[in-house]
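Enquirer: Below you'll find the structure I mean.
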Amino acid sequence: EVDSSDCKWWADSWKAGDNNTDKPTLMSLLDSLEMKGRDPNAPVRMPILDRYTDRGTIAMGKVESGTVRPGMKITMMPTRQKYKIDGVWKEELPLKSARPGENILVKVANASMEDVQKGFVLCTDPPCRSVDKLICQVMIMDLPDQAKIFTAGFQANFHAHCAEEEATVTKIFETTNRKGVVNKGARFANVGMTVVCMIELSRTVPCETFDDYPFLGRFTLRTEGKTCAIGVIKKLPPKKD
């Protein structure tokens, strides 16, 4: 246990009522914090940040949910190929398990470099969805010089977790202006508005709704070096049988 004398300023602030907490020491406050939205018992979700070869294919990424262990079987989305985890490391140290929030290296057995790519998501069953159309809610932040109106046909790069794909807005359902006025059936939007729209991607991307998996359900739209919009995925197409 860390002695409270190692952080004397916290005790003074706590006694003065400045810290807005009932924890008398900084360490006791840190120990009491709960990490919400990242469940170690949930299905594994690990977006692939990068990969390289070292006596096999090594995938790099952060565990967003679930617990990754050597020997476990996984599904790689969006290809739906099945693999086995041969090893797990963190900073070159072998691990028996890796929990949400940890940046790790994973050796994927019998996988080539083409089988493991940036933007793929390593999953346990049931695997995440992989779609090329989605209904989302976006906040318009900025628009490029040649397209000062956000409307159907607007094109940008879709960035979600580690994935990047070309995207096109195909339909606008409603807009909400800065005063909170909702316009259903609107055809265009400007900077500062919130928009519910449909986006079509050039290829399928592993993702989920924001309500189910926040880390797989938020994204940005970028073009010409600008972040045009930030958004969350509200609905995905029905699953095919």
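Letters A, B, ... go to the chains of the structure tokens in the order shown; residues in each chain start at 1; ligands are counted from 1 in the same order.
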Per residue of region 45-155 of chain A within 9 Å of region 211-216 of chain A, record the nearest atom pair and its distance in Å to one decimal, counting only C-alpha atoms, with rows in chain order and ascending residue number, as CSV.

Expert:
```
residue,atom,partner,partner_atom,distance
A:Arg45,CA,A:Leu216,CA,8.8
A:Pro47,CA,A:Leu216,CA,8.6
A:Glu64,CA,A:Phe215,CA,7.2
A:Ser65,CA,A:Tyr213,CA,8.8
A:Cys128,CA,A:Leu216,CA,8.9
```

Enquirer: Selection from above, all heavy atoms, as a JSON list (two decimals), in the first residue's frame, can you write it?

Expert:
```json
[["chain", "number", "residue", "atom", "x", "y", "z"],
["A", 45, "ARG", "N", -13.27, -9.00, -28.55],
["A", 45, "ARG", "CA", -13.23, -8.06, -29.67],
["A", 45, "ARG", "C", -11.87, -7.36, -29.62],
["A", 45, "ARG", "O", -11.58, -6.63, -28.67],
["A", 45, "ARG", "CB", -14.35, -7.02, -29.57],
["A", 45, "ARG", "CG", -15.75, -7.60, -29.59],
["A", 45, "ARG", "CD", -16.11, -8.11, -30.97],
["A", 45, "ARG", "NE", -17.51, -8.54, -31.05],
["A", 45, "ARG", "CZ", -17.92, -9.78, -30.86],
["A", 45, "ARG", "NH1", -17.04, -10.73, -30.56],
["A", 45, "ARG", "NH2", -19.21, -10.09, -30.97],
["A", 47, "PRO", "N", -9.66, -5.18, -32.38],
["A", 47, "PRO", "CA", -9.33, -4.62, -33.69],
["A", 47, "PRO", "C", -7.84, -4.73, -33.97],
["A", 47, "PRO", "O", -7.01, -4.49, -33.08],
["A", 47, "PRO", "CB", -9.77, -3.16, -33.58],
["A", 47, "PRO", "CG", -10.78, -3.15, -32.47],
["A", 47, "PRO", "CD", -10.32, -4.20, -31.50],
["A", 64, "GLU", "N", -10.52, -4.91, -26.59],
["A", 64, "GLU", "CA", -11.62, -4.01, -26.24],
["A", 64, "GLU", "C", -12.66, -4.68, -25.36],
["A", 64, "GLU", "O", -13.31, -4.02, -24.55],
["A", 64, "GLU", "CB", -12.27, -3.46, -27.51],
["A", 64, "GLU", "CG", -11.37, -2.57, -28.34],
["A", 64, "GLU", "CD", -11.10, -1.22, -27.72],
["A", 64, "GLU", "OE1", -11.58, -0.96, -26.59],
["A", 64, "GLU", "OE2", -10.41, -0.40, -28.34],
["A", 65, "SER", "N", -12.85, -5.98, -25.53],
["A", 65, "SER", "CA", -13.74, -6.72, -24.64],
["A", 65, "SER", "C", -13.32, -8.17, -24.62],
["A", 65, "SER", "O", -12.60, -8.64, -25.51],
["A", 65, "SER", "CB", -15.20, -6.60, -25.10],
["A", 65, "SER", "OG", -15.44, -7.36, -26.27],
["A", 128, "CYS", "N", -18.45, -10.29, -34.33],
["A", 128, "CYS", "CA", -19.10, -9.01, -34.60],
["A", 128, "CYS", "C", -19.69, -9.00, -36.00],
["A", 128, "CYS", "O", -19.42, -9.87, -36.81],
["A", 128, "CYS", "CB", -18.10, -7.86, -34.42],
["A", 128, "CYS", "SG", -16.81, -7.80, -35.69]]
```

Enquirer: Show which residues sit within 12 Å of region 140-153 of chain A, as a PDB file with C-alpha atoms, in the first residue's frame. Count only C-alpha atoms, and ignore same-chain residues fewer than 2 positions away.

Expert:
```pdb
ATOM      1  CA  GLN A 137     -26.141   9.772 -36.363  1.00  0.00           C
ATOM      2  CA  VAL A 138     -23.441  12.308 -37.148  1.00  0.00           C
ATOM      3  CA  GLN A 155     -18.153  11.251 -50.146  1.00  0.00           C
ATOM      4  CA  ALA A 156     -15.506  10.929 -47.447  1.00  0.00           C
ATOM      5  CA  ALA A 167     -17.904   6.028 -47.838  1.00  0.00           C
ATOM      6  CA  THR A 168     -20.847   7.712 -49.541  1.00  0.00           C
ATOM      7  CA  VAL A 169     -23.906   9.253 -47.881  1.00  0.00           C
ATOM      8  CA  THR A 170     -26.885   7.671 -49.676  1.00  0.00           C
ATOM      9  CA  LYS A 171     -29.856   9.087 -47.769  1.00  0.00           C
ATOM     10  CA  ILE A 172     -30.647  11.694 -45.109  1.00  0.00           C
ATOM     11  CA  PHE A 173     -33.566  10.831 -42.796  1.00  0.00           C
ATOM     12  CA  GLU A 174     -33.635  13.893 -40.542  1.00  0.00           C
ATOM     13  CA  THR A 175     -31.591  16.852 -39.347  1.00  0.00           C
ATOM     14  CA  THR A 176     -31.510  18.752 -36.056  1.00  0.00           C
ATOM     15  CA  ASN A 177     -30.192  22.311 -35.982  1.00  0.00           C
ATOM     16  CA  ARG A 178     -28.402  24.080 -33.148  1.00  0.00           C
ATOM     17  CA  GLY A 185     -37.122  14.248 -44.592  1.00  0.00           C
ATOM     18  CA  ALA A 186     -34.461  16.945 -44.952  1.00  0.00           C
ATOM     19  CA  ARG A 187     -32.336  16.798 -48.086  1.00  0.00           C
ATOM     20  CA  PHE A 188     -29.189  18.547 -46.859  1.00  0.00           C
ATOM     21  CA  ALA A 189     -27.369  19.726 -43.718  1.00  0.00           C
ATOM     22  CA  ASN A 190     -24.830  22.369 -42.758  1.00  0.00           C
ATOM     23  CA  VAL A 191     -22.036  22.685 -40.196  1.00  0.00           C
ATOM     24  CA  GLY A 192     -23.349  22.458 -36.639  1.00  0.00           C
ATOM     25  CA  MET A 193     -26.287  20.205 -37.467  1.00  0.00           C
ATOM     26  CA  THR A 194     -26.889  16.675 -36.248  1.00  0.00           C
ATOM     27  CA  VAL A 195     -27.934  14.285 -39.018  1.00  0.00           C
ATOM     28  CA  VAL A 196     -29.464  10.807 -39.090  1.00  0.00           C
ATOM     29  CA  CYS A 197     -28.426   9.253 -42.397  1.00  0.00           C
ATOM     30  CA  MET A 198     -27.499   6.095 -44.265  1.00  0.00           C
ATOM     31  CA  ILE A 199     -23.886   5.534 -45.318  1.00  0.00           C
ATOM     32  CA  GLU A 200     -22.663   3.005 -47.865  1.00  0.00           C
ATOM     33  CA  THR A 220     -15.295   9.897 -38.079  1.00  0.00           C
ATOM     34  CA  LEU A 221     -15.727  11.064 -41.674  1.00  0.00           C
ATOM     35  CA  ARG A 222     -12.649  12.755 -43.108  1.00  0.00           C
ATOM     36  CA  THR A 223     -11.751  14.322 -46.439  1.00  0.00           C
ATOM     37  CA  GLU A 224      -9.056  16.717 -47.636  1.00  0.00           C
ATOM     38  CA  GLY A 225      -7.320  16.525 -44.276  1.00  0.00           C
ATOM     39  CA  LYS A 226     -10.429  17.667 -42.395  1.00  0.00           C
ATOM     40  CA  THR A 227     -12.657  15.838 -39.948  1.00  0.00           C
ATOM     41  CA  CYS A 228     -16.036  16.554 -41.509  1.00  0.00           C
ATOM     42  CA  ALA A 229     -18.190  14.678 -39.029  1.00  0.00           C
ATOM     43  CA  ILE A 230     -18.104  12.497 -35.938  1.00  0.00           C
ATOM     44  CA  GLY A 231     -20.782   9.917 -35.469  1.00  0.00           C
TER      45      GLY A 231
END
```

Enquirer: Run DSSP on the backbone of this structure and report the residues of region 26-126 of chain A it assigns to strand (DSSP E or B), as a PyMOL selection string.

Expert: chain A and resi 45-53+57-62+65+68+73-77+81-90+93-94+98+103-108+121-123

Enquirer: Which is closest to Ile74 (chain A) among A:Gly56, A:Pro94, A:Gly119, A:Pro126, if we use only C-alpha atoms?

Expert: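 The closest residue to Ile74 (chain A) is A:Pro126.
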
Enquirer: Between CA of Ile58 (chain A) and CA of Val106 (chain A), what is the distance in Å, rounded to a tenth?

Expert: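 Going from CA of Ile58 (chain A) over to CA of Val106 (chain A), I get 5.5 Å.
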
Enquirer: Which polymer residues have any atom within 9 Å of an atom of Asn110 (chain A), counting only C-alpha atoms, with same-chain residues fewer than 3 positions away left out, as an mmCIF file with N, CA, C and O atoms, in the first residue's frame?

Expert:
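Output file part.cif follows:
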```
data_model
loop_
_atom_site.group_PDB
_atom_site.id
_atom_site.type_symbol
_atom_site.label_atom_id
_atom_site.label_comp_id
_atom_site.auth_asym_id
_atom_site.auth_seq_id
_atom_site.Cartn_x
_atom_site.Cartn_y
_atom_site.Cartn_z
ATOM 1 N N GLY A 56 5.786 -16.872 -38.053
ATOM 2 C CA GLY A 56 4.333 -16.909 -38.045
ATOM 3 C C GLY A 56 3.798 -15.485 -38.112
ATOM 4 O O GLY A 56 4.571 -14.518 -38.057
ATOM 5 N N THR A 57 2.510 -15.349 -38.241
ATOM 6 C CA THR A 57 1.901 -14.026 -38.342
ATOM 7 C C THR A 57 1.537 -13.505 -36.958
ATOM 8 O O THR A 57 0.817 -14.169 -36.201
ATOM 9 N N TYR A 83 -9.248 -19.459 -36.672
ATOM 10 C CA TYR A 83 -7.841 -19.657 -36.339
ATOM 11 C C TYR A 83 -7.696 -20.000 -34.855
ATOM 12 O O TYR A 83 -8.659 -19.917 -34.089
ATOM 13 N N LYS A 84 -6.474 -20.333 -34.497
ATOM 14 C CA LYS A 84 -6.129 -20.613 -33.104
ATOM 15 C C LYS A 84 -5.045 -19.649 -32.655
ATOM 16 O O LYS A 84 -4.142 -19.327 -33.429
#
```

Enquirer: Hey, what's within 7 Å of Ser202 (chain A) if we count only C-alpha atoms and toss same-chain stuff fewer than 4 positions away? As a PyMOL selection string, please?

Expert: chain A and resi 132+165-167

Enquirer: What gap, in Å, lies between CA of Leu122 (chain A) and CA of Asn157 (chain A)?

Expert: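 Value for the CA of Leu122 (chain A)-CA of Asn157 (chain A) distance: 22.7 Å.
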
Enquirer: For Asn41 (chain A), which of A:Ser112, A:Thr204, A:Asn183, A:Thr124 is the closest residue, counting only C-alpha atoms?

Expert: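 Looking at the shortest contact to Asn41 (chain A), the residue is A:Thr124.
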
Enquirer: Would you compute the distance between CA of Gly61 (chain A) and CA of Glu102 (chain A)? Give it in Å to one decimal.

Expert: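 So the answer is 8.4 Å.
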
Enquirer: Check the smallest atom-to-atom distance from each of A:Gly17, A:Pro78, A:Pro70, A:Gly101 to Asp39 (chain A) using only C-alpha atoms, then report the winner.

Expert: A:Gly101

Enquirer: Using DSSP assignments from the backbone, pull out every residue in region 23-233 of chain A that falls under helix (DSSP H, G or I) and give it to me as a PyMOL selection string.

Expert: chain A and resi 26-32+214-216
